[in-house]
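**Student:** protein.cif is the file, holding mmCIF, C-alpha atoms and all ligand atoms:
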```cif
data_query
loop_
_atom_site.label_atom_id
_atom_site.label_comp_id
_atom_site.auth_asym_id
_atom_site.auth_seq_id
_atom_site.Cartn_x
_atom_site.Cartn_y
_atom_site.Cartn_z
CA MET S 1430 29.06 90.96 9.14
CA ARG S 1431 27.40 89.72 12.30
CA ASP S 1432 29.54 87.32 14.26
CA ARG S 1433 27.02 84.59 14.97
CA ILE S 1434 23.30 83.94 15.44
CA ALA S 1435 21.41 81.03 16.98
CA LEU S 1436 18.33 79.57 15.30
CA ILE S 1437 16.03 77.63 17.60
CA VAL S 1438 13.79 75.26 15.69
CA ALA S 1439 10.42 75.40 17.44
CA ALA S 1440 7.96 74.78 14.61
CA GLY S 1441 7.03 71.19 15.56
CA ARG S 1442 3.44 70.40 16.43
CA GLY S 1443 4.30 67.68 18.92
CA THR S 1444 1.95 65.18 17.29
CA ARG S 1445 3.96 62.27 18.70
CA PHE S 1446 3.98 63.92 22.09
CA GLY S 1447 0.20 64.11 22.51
CA GLY S 1448 0.32 66.80 25.20
CA PRO S 1449 -2.00 69.80 25.69
CA ALA S 1450 0.37 72.13 23.80
CA PRO S 1451 3.38 71.64 21.55
CA LYS S 1452 6.06 70.46 23.99
CA GLN S 1453 8.29 73.50 23.46
CA TYR S 1454 5.59 75.70 25.07
CA LEU S 1455 5.07 73.60 28.21
CA PRO S 1456 6.04 75.21 31.53
CA PHE S 1457 9.64 74.53 32.54
CA GLY S 1458 10.66 75.87 35.93
CA ASP S 1459 9.75 79.56 35.90
CA THR S 1460 9.79 79.69 32.08
CA THR S 1461 8.88 77.32 29.23
CA VAL S 1462 10.88 74.61 27.44
CA LEU S 1463 11.56 77.04 24.58
CA GLY S 1464 12.22 79.92 26.97
CA ALA S 1465 14.89 77.87 28.77
CA ALA S 1466 16.60 76.95 25.49
CA ALA S 1467 16.59 80.60 24.37
CA MET S 1468 17.89 81.86 27.73
CA ALA S 1469 20.83 79.44 27.55
CA LEU S 1470 21.94 80.81 24.17
CA ARG S 1471 21.08 84.49 24.66
CA PRO S 1472 24.27 85.35 26.65
CA PHE S 1473 26.38 84.17 23.69
CA MET S 1474 24.61 85.57 20.63
CA PRO S 1475 21.37 86.96 19.18
CA VAL S 1476 18.65 84.29 18.97
CA ALA S 1477 15.87 83.83 16.42
CA CYS S 1478 13.18 81.16 16.68
CA VAL S 1479 11.53 79.28 13.83
CA ILE S 1480 7.90 78.77 14.84
CA HIS S 1481 4.63 77.42 13.47
CA PRO S 1482 2.31 80.23 12.29
CA ASP S 1483 -0.46 78.93 14.58
CA ASP S 1484 1.79 79.30 17.65
CA ARG S 1485 2.43 83.05 17.40
CA ALA S 1486 0.57 83.89 20.64
CA GLN S 1487 2.18 81.04 22.62
CA TYR S 1488 5.58 82.07 21.26
CA GLU S 1489 5.10 85.70 22.32
CA ALA S 1490 4.09 84.59 25.83
CA ALA S 1491 6.95 82.09 26.12
CA THR S 1492 9.67 84.55 25.11
CA ALA S 1493 8.42 87.83 26.61
CA GLY S 1494 11.34 89.91 27.86
CA LEU S 1495 14.04 87.72 26.29
CA ASP S 1496 15.04 90.25 23.61
CA LEU S 1497 15.01 87.80 20.68
CA LEU S 1498 15.19 88.55 16.95
CA PRO S 1499 11.83 88.45 15.13
CA PRO S 1500 10.56 84.87 14.69
CA VAL S 1501 10.52 83.12 11.33
CA PHE S 1502 7.73 80.78 10.22
CA GLY S 1503 8.76 77.18 9.69
CA GLY S 1504 7.96 74.67 6.95
CA PRO S 1505 6.35 71.22 6.83
CA ASP S 1506 9.32 69.41 8.43
CA ARG S 1507 12.45 70.18 10.43
CA GLN S 1508 14.74 70.49 7.41
CA ALA S 1509 12.36 72.97 5.72
CA SER S 1510 12.04 74.94 8.96
CA VAL S 1511 15.82 75.31 9.33
CA ARG S 1512 16.04 76.36 5.67
CA ASN S 1513 13.40 79.07 6.27
CA GLY S 1514 15.36 80.30 9.27
CA LEU S 1515 18.62 80.42 7.29
CA GLU S 1516 16.99 82.21 4.33
CA ALA S 1517 15.61 84.83 6.73
CA LEU S 1518 19.16 85.61 7.84
CA ALA S 1519 20.66 85.56 4.32
CA ASP S 1520 20.32 89.29 3.60
CA GLU S 1521 22.58 90.12 6.53
CA PRO S 1522 24.46 86.86 6.98
CA PRO S 1523 26.35 86.04 10.17
CA GLU S 1524 29.72 84.32 10.02
CA HIS S 1525 28.42 81.36 12.05
CA VAL S 1526 25.01 79.96 12.88
CA LEU S 1527 24.06 77.58 15.69
CA VAL S 1528 20.95 75.47 15.07
CA HIS S 1529 19.30 74.23 18.27
CA ASP S 1530 16.23 72.10 19.07
CA ALA S 1531 13.62 73.94 21.17
CA ALA S 1532 12.97 70.65 23.00
CA ARG S 1533 16.43 70.67 24.63
CA PRO S 1534 15.93 73.12 27.48
CA ASN S 1535 19.02 72.23 29.57
CA LEU S 1536 21.92 73.63 27.59
CA PRO S 1537 25.10 74.03 29.68
CA ALA S 1538 27.18 77.09 28.80
CA ALA S 1539 30.28 74.86 28.58
CA VAL S 1540 28.76 73.00 25.61
CA VAL S 1541 28.16 76.28 23.75
CA ARG S 1542 31.76 77.32 24.42
CA ARG S 1543 33.12 74.00 23.10
CA ILE S 1544 31.11 74.39 19.89
CA LEU S 1545 32.26 77.97 19.34
CA GLU S 1546 35.87 76.95 19.95
CA ALA S 1547 35.66 74.07 17.44
CA LEU S 1548 34.08 76.36 14.82
CA ALA S 1549 37.33 78.30 14.60
CA ALA S 1550 38.90 75.29 12.88
CA HIS S 1551 36.00 73.36 11.29
CA ASP S 1552 33.06 73.86 8.91
CA GLY S 1553 30.72 72.63 11.61
CA ALA S 1554 30.70 71.34 15.18
CA ALA S 1555 28.14 69.38 17.16
CA PRO S 1556 27.98 68.05 20.74
CA GLY S 1557 27.79 64.30 21.14
CA LEU S 1558 28.09 61.51 23.67
CA PRO S 1559 29.60 58.07 23.12
CA VAL S 1560 26.95 55.35 23.05
CA ALA S 1561 27.10 53.50 26.39
CA ASP S 1562 24.33 50.92 25.97
CA THR S 1563 24.60 47.74 23.96
CA LEU S 1564 23.09 48.23 20.51
CA LYS S 1565 20.80 45.56 19.05
CA ARG S 1566 19.14 45.19 15.72
CA VAL S 1567 15.56 44.15 16.50
CA GLU S 1568 12.99 42.64 14.14
CA ASP S 1569 9.46 41.74 15.26
CA GLY S 1570 10.44 42.18 18.90
CA ARG S 1571 13.34 39.76 18.58
CA SER S 1572 17.03 40.56 18.65
CA VAL S 1573 18.66 39.58 15.38
CA GLY S 1574 22.14 40.76 16.24
CA THR S 1575 24.41 43.01 18.24
CA VAL S 1576 25.80 46.11 16.58
CA SER S 1577 29.27 47.15 17.65
CA ARG S 1578 29.11 50.47 19.46
CA ASP S 1579 32.81 51.15 18.83
CA GLY S 1580 33.17 54.72 17.62
CA LEU S 1581 29.41 55.37 17.77
CA TRP S 1582 28.23 58.66 19.25
CA ARG S 1583 24.75 60.12 19.60
CA ILE S 1584 24.60 63.69 18.40
CA GLN S 1585 22.82 66.51 20.21
CA THR S 1586 22.20 70.17 19.41
CA PRO S 1587 23.08 73.03 19.14
CA GLN S 1588 25.02 72.34 15.97
CA GLY S 1589 27.24 75.14 14.73
CA PHE S 1590 28.26 75.87 11.11
CA ARG S 1591 29.87 78.43 8.89
CA PHE S 1592 26.68 80.19 7.82
CA PRO S 1593 27.30 80.48 4.04
CA ALA S 1594 28.30 76.80 3.86
CA LEU S 1595 25.20 75.58 5.70
CA LEU S 1596 22.87 77.83 3.68
CA GLU S 1597 24.36 76.53 0.43
CA ALA S 1598 24.09 72.91 1.64
CA HIS S 1599 20.40 73.44 2.48
CA ARG S 1600 19.72 75.03 -0.92
CA GLN S 1601 21.26 71.98 -2.64
CA ALA S 1602 19.67 69.31 -0.41
CA ALA S 1603 16.71 67.20 -1.52
CA PRO S 1604 13.64 68.09 0.63
CA ALA S 1605 12.93 66.17 3.83
CA SER S 1606 15.92 63.86 3.51
CA PHE S 1607 18.08 64.52 6.60
CA SER S 1608 17.38 63.99 10.30
CA ASP S 1609 19.63 66.88 11.37
CA ASP S 1610 21.94 69.54 10.02
CA THR S 1611 25.17 67.58 10.54
CA ALA S 1612 23.80 64.83 8.27
CA LEU S 1613 22.81 67.39 5.65
CA ALA S 1614 26.12 69.26 5.90
CA GLU S 1615 28.21 66.10 5.65
CA ALA S 1616 26.30 65.04 2.55
CA ALA S 1617 27.40 68.39 1.08
CA GLY S 1618 31.03 67.59 1.92
CA LEU S 1619 31.45 69.76 5.02
CA HIS S 1620 33.74 68.62 7.84
CA ILE S 1621 32.00 68.35 11.19
CA ALA S 1622 33.83 68.23 14.52
CA VAL S 1623 32.18 66.39 17.40
CA VAL S 1624 32.74 67.94 20.82
CA GLN S 1625 31.79 66.59 24.25
CA GLY S 1626 28.02 66.94 24.78
CA ASP S 1627 26.20 66.68 28.08
CA ALA S 1628 23.69 64.20 29.49
CA ARG S 1629 21.55 67.12 30.72
CA LEU S 1630 21.11 68.22 27.13
CA GLU S 1631 18.58 65.45 26.64
CA LYS S 1632 15.56 66.11 24.43
CA VAL S 1633 12.01 66.32 25.81
CA THR S 1634 10.33 63.33 24.17
CA GLU S 1635 7.77 61.88 26.60
CA PRO S 1636 5.31 64.02 28.61
CA GLY S 1637 7.07 63.00 31.85
CA ASP S 1638 10.41 64.33 30.57
CA VAL S 1639 9.48 67.96 31.17
CA ALA S 1640 9.14 67.65 34.95
CA ARG S 1641 12.17 65.34 35.19
CA LEU S 1642 14.45 67.63 33.18
CA ALA S 1643 13.21 70.76 34.96
CA GLY S 1644 14.15 69.23 38.32
CA PRO S 1645 12.62 70.21 41.65
CA ASP S 1646 11.65 73.75 42.58
CA ILE S 1647 13.97 74.43 45.56
CA ARG S 1648 12.75 77.00 48.08
CA THR S 1649 14.11 78.27 51.36
CA GLY S 1650 11.99 79.75 54.14
CA HIS S 1651 13.09 81.67 57.21
CA GLY S 1652 11.51 81.91 60.65
CA PHE S 1653 12.16 84.00 63.76
CA ASP S 1654 10.55 83.90 67.19
CA VAL S 1655 11.02 85.30 70.69
CA HIS S 1656 9.42 84.30 74.00
CA ARG S 1657 9.78 85.97 77.36
CA LEU S 1658 11.43 84.19 80.32
CA VAL S 1659 9.52 84.22 83.63
CA PRO S 1660 10.22 82.45 86.93
CA GLY S 1661 9.56 78.73 86.61
CA GLU S 1662 11.09 75.26 86.61
CA SER S 1663 11.80 74.29 83.00
CA VAL S 1664 11.83 75.42 79.39
CA THR S 1665 10.82 73.42 76.31
CA LEU S 1666 13.14 74.01 73.36
CA CYS S 1667 12.84 72.10 70.07
CA GLY S 1668 10.54 69.62 71.82
CA VAL S 1669 12.95 68.87 74.69
CA SER S 1670 12.10 69.87 78.26
CA ILE S 1671 15.15 71.24 80.12
CA ALA S 1672 15.20 71.86 83.87
CA HIS S 1673 15.88 75.57 84.48
CA ASN S 1674 15.11 78.23 87.06
CA MET S 1675 12.96 80.04 84.50
CA ALA S 1676 10.13 79.14 82.10
CA LEU S 1677 9.12 80.50 78.70
CA ALA S 1678 5.87 82.49 78.70
CA GLY S 1679 3.42 82.18 75.84
CA HIS S 1680 -0.03 80.95 75.02
CA SER S 1681 1.26 77.54 73.82
CA ASP S 1682 4.24 75.74 75.40
CA ALA S 1683 6.27 78.71 74.03
CA ASP S 1684 8.83 76.51 72.28
CA VAL S 1685 10.62 79.28 70.37
CA GLY S 1686 12.78 76.85 68.39
CA MET S 1687 9.83 74.89 67.08
CA HIS S 1688 7.86 78.06 66.38
CA ALA S 1689 10.71 79.53 64.33
CA LEU S 1690 11.06 76.28 62.41
CA THR S 1691 7.30 76.09 61.77
CA ASP S 1692 7.45 79.62 60.36
CA ALA S 1693 10.44 78.71 58.19
CA ILE S 1694 8.52 75.82 56.63
CA LEU S 1695 5.40 77.97 56.13
CA GLY S 1696 7.70 80.59 54.59
CA ALA S 1697 9.16 78.14 52.08
CA LEU S 1698 5.58 77.26 51.08
CA ALA S 1699 4.59 80.96 51.05
CA GLU S 1700 1.65 79.97 53.25
CA GLY S 1701 1.62 82.80 55.78
CA ASP S 1702 2.85 82.44 59.35
CA ILE S 1703 2.14 80.43 62.47
CA GLY S 1704 -0.13 83.16 63.90
CA GLN S 1705 -2.45 82.90 60.89
CA HIS S 1706 -2.80 79.14 61.23
CA PHE S 1707 -3.00 79.09 65.04
CA PRO S 1708 -4.33 82.49 66.21
CA PRO S 1709 -3.13 83.35 69.76
CA SER S 1710 -6.69 84.53 70.41
CA ASP S 1711 -8.01 80.97 69.97
CA PRO S 1712 -8.25 79.30 73.40
CA GLN S 1713 -7.76 75.80 71.97
CA TRP S 1714 -4.02 76.52 71.53
CA LYS S 1715 -3.53 77.62 75.17
CA GLY S 1716 -0.73 75.43 76.57
CA ALA S 1717 -0.65 73.37 73.36
CA ALA S 1718 2.45 71.32 72.58
CA SER S 1719 4.17 73.02 69.68
CA GLU S 1720 4.44 69.64 67.98
CA VAL S 1721 0.87 70.38 66.79
CA PHE S 1722 2.11 73.45 64.89
CA LEU S 1723 5.16 71.79 63.38
CA GLY S 1724 3.12 68.69 62.48
CA HIS S 1725 0.59 70.95 60.73
CA ALA S 1726 3.38 72.54 58.66
CA ARG S 1727 4.75 69.08 57.82
CA ASN S 1728 1.27 68.01 56.64
CA MET S 1729 1.02 71.10 54.44
CA VAL S 1730 4.36 70.13 52.87
CA SER S 1731 3.06 66.62 52.14
CA ALA S 1732 -0.21 67.96 50.74
CA ARG S 1733 1.76 70.01 48.20
CA GLY S 1734 3.73 66.94 47.14
CA ALA S 1735 6.86 68.66 48.48
CA ARG S 1736 9.77 67.36 50.59
CA ILE S 1737 11.74 68.95 53.40
CA LEU S 1738 15.38 68.66 52.36
CA HIS S 1739 16.98 70.32 55.36
CA CYS S 1740 16.27 72.55 58.31
CA ASP S 1741 18.52 74.53 60.61
CA VAL S 1742 17.54 76.11 63.94
CA THR S 1743 19.66 78.57 65.95
CA LEU S 1744 18.69 79.22 69.58
CA VAL S 1745 19.93 82.47 71.14
CA CYS S 1746 20.23 82.44 74.94
CA GLU S 1747 22.76 82.65 77.80
CA ALA S 1748 21.06 79.79 79.68
CA PRO S 1749 20.16 76.98 79.81
CA ARG S 1750 23.09 75.36 78.03
CA ILE S 1751 21.89 73.79 74.77
CA GLY S 1752 24.88 71.57 73.90
CA PRO S 1753 23.97 68.61 76.13
CA HIS S 1754 20.45 68.54 74.60
CA ARG S 1755 21.28 69.24 70.98
CA ASP S 1756 21.07 65.65 69.72
CA ALA S 1757 17.80 65.01 71.56
CA MET S 1758 16.39 68.18 69.94
CA ARG S 1759 17.51 67.07 66.48
CA ALA S 1760 15.99 63.64 67.00
CA GLU S 1761 12.68 65.12 68.17
CA LEU S 1762 12.41 67.57 65.24
CA ALA S 1763 13.35 64.79 62.79
CA ARG S 1764 10.67 62.53 64.29
CA ILE S 1765 7.94 65.17 63.96
CA LEU S 1766 9.00 66.12 60.43
CA ALA S 1767 9.48 62.45 59.45
CA ILE S 1768 12.90 63.14 57.88
CA PRO S 1769 16.33 61.66 58.65
CA VAL S 1770 18.13 63.28 61.59
CA ASP S 1771 21.11 64.16 59.41
CA ARG S 1772 18.82 66.66 57.67
CA VAL S 1773 18.12 68.50 60.90
CA SER S 1774 20.55 70.95 62.49
CA VAL S 1775 20.20 72.64 65.89
CA LYS S 1776 22.74 75.27 66.89
CA ALA S 1777 23.03 77.63 69.81
CA THR S 1778 24.73 80.91 70.52
CA THR S 1779 24.75 83.51 73.24
CA SER S 1780 24.41 87.20 72.50
CA GLU S 1781 27.47 88.07 74.61
CA ARG S 1782 25.24 89.25 77.50
CA LEU S 1783 23.91 92.01 75.25
CA GLY S 1784 20.27 92.83 74.68
CA PHE S 1785 17.21 91.02 76.03
CA THR S 1786 18.65 87.56 75.39
CA GLY S 1787 21.92 88.60 77.04
CA ARG S 1788 20.08 89.85 80.12
CA GLY S 1789 18.10 86.61 80.32
CA GLU S 1790 14.76 88.32 79.72
CA GLY S 1791 13.84 86.01 76.85
CA ILE S 1792 15.03 83.41 74.35
CA ALA S 1793 15.14 83.99 70.58
CA ALA S 1794 15.32 81.48 67.76
CA GLN S 1795 15.97 81.65 64.03
CA ALA S 1796 15.37 78.85 61.55
CA THR S 1797 15.64 78.05 57.87
CA ALA S 1798 13.93 75.26 55.99
CA THR S 1799 14.82 74.11 52.48
CA LEU S 1800 12.06 72.40 50.53
CA ALA S 1801 11.84 70.67 47.16
CA LEU S 1802 8.51 71.42 45.51
CA PRO S 1803 7.41 69.38 42.51
MG MG S 1901 6.09 81.80 69.35
#
```
Would you give me this structure, written as structure tokens?
Ligand code: MG
**Tutor:**
Amino acid sequence: MRDRIALIVAAGRGTRFGGPAPKQYLPFGDTTVLGAAAMALRPFMPVACVIHPDDRAQYEAATAGLDLLPPVFGGPDRQASVRNGLEALADEPPEHVLVHDAARPNLPAAVVRRILEALAAHDGAAPGLPVADTLKRVEDGRSVGTVSRDGLWRIQTPQGFRFPALLEAHRQAAPASFSDDTALAEAAGLHIAVVQGDARLEKVTEPGDVARLAGPDIRTGHGFDVHRLVPGESVTLCGVSIAHNMALAGHSDADVGMHALTDAILGALAEGDIGQHFPPSDPQWKGAASEVFLGHARNMVSARGARILHCDVTLVCEAPRIGPHRDAMRAELARILAIPVDRVSVKATTSERLGFTGRGEGIAAQATATLALP
């Protein structure tokens, strides 16, 4: 006997949703809503999906590489679809089955573990959350009374059951009469434990839910730059001019810190490097303030609807000393990027007198930038 199997109910047409595709097939991070739900369960047990016959191609695309059991075709409503899924497993029945909504893509592993634990002692187990809002009975847009929320929980999925008991309950149930499997199972006399659910387990209901539940696409870019030191009177580092007996050579103002940071931001956007956007061969950038480059990268971030969450620059040199200028550098980078200064870090290190930076032949800089893309 197989230990347990998850059935993901994905046969809905999303008629209430009104989107371009059934909501379970909408993109969700680097997968789809259904793909995310399946990936959350796959580490615990084999997964089979119940799908609409018209969605076969979308299903194959959404679950490619996930190693799922063959899909089962659903029925005219959720209850019929679950029944079809259970009947498809009946020849080789598992001990337990978990029934999950495809439209709940954020399934924490801890919730699955709590359900499996509770199933050792109960016919069924479902995650739930105590109702926190005041409950009203409303008629014609008017409150006609407050309902006590004492002891009221809202129930999520996945819902786990002893497989033979749930199959039998479905076979006995009147068609299209229960909103979920706990309701159906309880009507058949099964005992259902309620375990702690999770707010992230929310169901995709409105079109805007998909982007909100998926969260931002966080990316980190890295940049590195070196400029040669030549005799001179000052260097510009991270936008701050520092008196020095040397100068940085380069076709712009040679601000290595700002160049590395510009490259880090371009890297997080996967938009090439500073040399592609500002070719050294182009005379218009000769002696240019590097603020132009960093400002350009910032504008590209805005144009993508993205945000710079944090950046971190490390300058590598024996001299000049960076410490006294660190806060001015942070303030200048924050001003150009239009982000709070507490999201900008500037650090410095020597290279222990080793290599070209140690010999004072040049200054190097490394930077990272962390961006949130929509
Ligand atoms: Mg450079």
**Student:** Compile the contact shell of range 1751-1754 of chain S as a list in words: residues with an atom at most 9 Å away, counting all atoms listed in the file, same-chain residues fewer than 6 positions apart removed.
**Tutor:**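 The contact residues come out as Leu1666, Val1669, Ile1671, Leu1744, Lys1776, Ala1777 and Thr1778 of chain S.
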**Student:** For chain S against ligand MG 1901 (chain S), with a cut-off of 8 Å and counting all atoms listed in the file, what is the closest atom pair and its distance in Å to one decimal for every residue that makes the cut, ordered by chain and number, as a tab-separated table?
**Tutor:**
```
residue	atom	partner	partner_atom	distance
S:Asp1654	CA	S:MG1901	MG	5.4
S:Val1655	CA	S:MG1901	MG	6.2
S:His1656	CA	S:MG1901	MG	6.2
S:Gly1679	CA	S:MG1901	MG	7.0
S:Ser1681	CA	S:MG1901	MG	7.8
S:Ala1683	CA	S:MG1901	MG	5.6
S:Asp1684	CA	S:MG1901	MG	6.6
S:Val1685	CA	S:MG1901	MG	5.3
S:His1688	CA	S:MG1901	MG	5.1
S:Ala1689	CA	S:MG1901	MG	7.2
```
**Student:** What's the 7 Å shell around range 1695-1700 of chain S, counting all atoms listed in the file, without same-chain residues fewer than 3 positions away, as a list in words?
**Tutor:**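 The residues satisfying every condition are Arg1648, Thr1649, Gly1650, His1651, Thr1691, Asp1692, Ala1726, Ala1798, Thr1799 and Leu1800 of chain S.
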**Student:** Please provide the set of residues having any atom within 9 Å of His1481 in chain S, restricted to all atoms listed in the file, with same-chain residues fewer than 6 positions apart removed, written as a ChimeraX atom specification.
**Tutor:** /S:1439-1442,1501-1504
**Student:** Tell me which of S:Gln1508, S:Thr1779, S:Gln1795, S:Thr1786 sits closest to Asp1741 in chain S, counting all atoms listed in the file.
**Tutor:**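 Counting all atoms listed in the file, the residue closest to Asp1741 in chain S is S:Gln1795.
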**Student:** Range 1588-1652 of chain S near range 1553-1572 of chain S within 9 Å: what's each residue's closest atom pair and its distance in Å to one decimal, counting only C-alpha atoms, ordered by chain then ascending residue number, as JSON lines?
**Tutor:**
```
{"residue": "S:Gln1588", "atom": "CA", "partner": "S:Ala1555", "partner_atom": "CA", "distance": 4.5}
{"residue": "S:Gly1589", "atom": "CA", "partner": "S:Ala1554", "partner_atom": "CA", "distance": 5.2}
{"residue": "S:Phe1590", "atom": "CA", "partner": "S:Gly1553", "partner_atom": "CA", "distance": 4.1}
{"residue": "S:Arg1591", "atom": "CA", "partner": "S:Gly1553", "partner_atom": "CA", "distance": 6.5}
{"residue": "S:Leu1595", "atom": "CA", "partner": "S:Gly1553", "partner_atom": "CA", "distance": 8.6}
{"residue": "S:Thr1611", "atom": "CA", "partner": "S:Ala1555", "partner_atom": "CA", "distance": 7.5}
{"residue": "S:Ala1614", "atom": "CA", "partner": "S:Gly1553", "partner_atom": "CA", "distance": 8.1}
{"residue": "S:Leu1619", "atom": "CA", "partner": "S:Gly1553", "partner_atom": "CA", "distance": 7.2}
{"residue": "S:His1620", "atom": "CA", "partner": "S:Gly1553", "partner_atom": "CA", "distance": 6.3}
{"residue": "S:Ile1621", "atom": "CA", "partner": "S:Gly1553", "partner_atom": "CA", "distance": 4.5}
{"residue": "S:Ala1622", "atom": "CA", "partner": "S:Ala1554", "partner_atom": "CA", "distance": 4.5}
{"residue": "S:Val1623", "atom": "CA", "partner": "S:Ala1555", "partner_atom": "CA", "distance": 5.0}
{"residue": "S:Val1624", "atom": "CA", "partner": "S:Pro1556", "partner_atom": "CA", "distance": 4.8}
{"residue": "S:Gln1625", "atom": "CA", "partner": "S:Pro1556", "partner_atom": "CA", "distance": 5.4}
{"residue": "S:Gly1626", "atom": "CA", "partner": "S:Pro1556", "partner_atom": "CA", "distance": 4.2}
{"residue": "S:Asp1627", "atom": "CA", "partner": "S:Leu1558", "partner_atom": "CA", "distance": 7.1}
{"residue": "S:Ala1628", "atom": "CA", "partner": "S:Leu1558", "partner_atom": "CA", "distance": 7.8}
```
**Student:** Is it possible to get the axis-aligned box enclosing range 1478-1484 of chain S (all listed atoms, 8 Å extra per side) as lines of an AutoDock Vina configuration file, with centre and edge lengths in Å rounded to one decimal?
**Tutor:**
```
center_x = 6.4
center_y = 79.3
center_z = 15.0
size_x = 29.6
size_y = 19.7
size_z = 21.4
```
**Student:** Record the distance separating CA of Ala1538 in chain S and CA of Glu1516 in chain S, expressed in Å with one decimal.
**Tutor:** 27.0 Å
**Student:** Excluding Gly1787 in chain S and its own-chain neighbours fewer than 4 positions away, which residues fall within 12 Å of it when counting only C-alpha atoms? Please give them as a VMD selection string.
**Tutor:** chain S and resid 1658 1745 to 1748 1778 to 1783 1791 to 1793
**Student:** Ranking S:Pro1645, S:His1599, S:Pro1803, S:Leu1738 by minimum distance to Glu1615 in chain S and counting all atoms listed in the file, which one comes first?
**Tutor:**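 Ranking S:Pro1645, S:His1599, S:Pro1803, S:Leu1738 by distance to Glu1615 in chain S, first place goes to S:His1599.
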**Student:** May I have the protein, DNA and RNA residues with an atom at most 10 Å from (9.8, 66.5, 50.7), counting only C-alpha atoms in the file's coordinates, returned as a list of chain:residue names?
**Tutor:**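 Every residue inside that radius is included here: S:Arg1727, S:Val1730, S:Ser1731, S:Arg1733, S:Gly1734, S:Ala1735, S:Arg1736, S:Ile1737, S:Leu1738, S:His1739, S:Leu1766, S:Ala1767, S:Ile1768, S:Thr1799, S:Leu1800, S:Ala1801, S:Leu1802, S:Pro1803.
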**Student:** Neighbouring residues of Pro1456 in chain S were defined as those with any atom within 10 Å, considering all atoms listed in the file; residues of the same chain fewer than 6 positions away were excluded. Please report them as a list in words.
**Tutor:**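 Listing them by chain and then by number gives Val1462, Leu1463, Gly1464, Ala1465, Ala1491, Val1639, Ala1640 and Ala1643 of chain S.
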**Student:** Once you have the residues from the selection above, write them out as an mmCIF file, in the frame of the given file, restricted to C-alpha atoms.
**Tutor:**
```
data_model
loop_
_atom_site.group_PDB
_atom_site.id
_atom_site.type_symbol
_atom_site.label_atom_id
_atom_site.label_comp_id
_atom_site.auth_asym_id
_atom_site.auth_seq_id
_atom_site.Cartn_x
_atom_site.Cartn_y
_atom_site.Cartn_z
ATOM 1 C CA VAL S 1462 10.880 74.610 27.440
ATOM 2 C CA LEU S 1463 11.560 77.040 24.580
ATOM 3 C CA GLY S 1464 12.220 79.920 26.970
ATOM 4 C CA ALA S 1465 14.890 77.870 28.770
ATOM 5 C CA ALA S 1491 6.950 82.090 26.120
ATOM 6 C CA VAL S 1639 9.480 67.960 31.170
ATOM 7 C CA ALA S 1640 9.140 67.650 34.950
ATOM 8 C CA ALA S 1643 13.210 70.760 34.960
#
```
**Student:** Return the single residue from S:Ala1732, S:Ala1616, S:Leu1581, S:Ala1760 that is closest to Gly1668 in chain S, with distances computed using only C-alpha atoms.
**Tutor:**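 Among the listed residues, the smallest separation from Gly1668 in chain S belongs to S:Ala1760.
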**Student:** Could you please determine the separation between CA of Pro1472 in chain S and CA of Arg1583 in chain S in Å, to one decimal place?
**Tutor:**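 Taking CA of Pro1472 in chain S as the start and CA of Arg1583 in chain S as the end point, the length is 26.2 Å.
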**Student:** Quick one: pull the distance between CA of Ala1612 in chain S and CA of Arg1471 in chain S, Å, one decimal.
**Tutor:**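 Distance between the two atoms: 25.7 Å.
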**Student:** Could you check which of S:Val1659, S:Ala1794, S:Val1573, S:Val1773 is closest to Leu1677 in chain S, using all atoms listed in the file?
**Tutor:**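 That would be S:Val1659, the residue with the smallest distance to Leu1677 in chain S.
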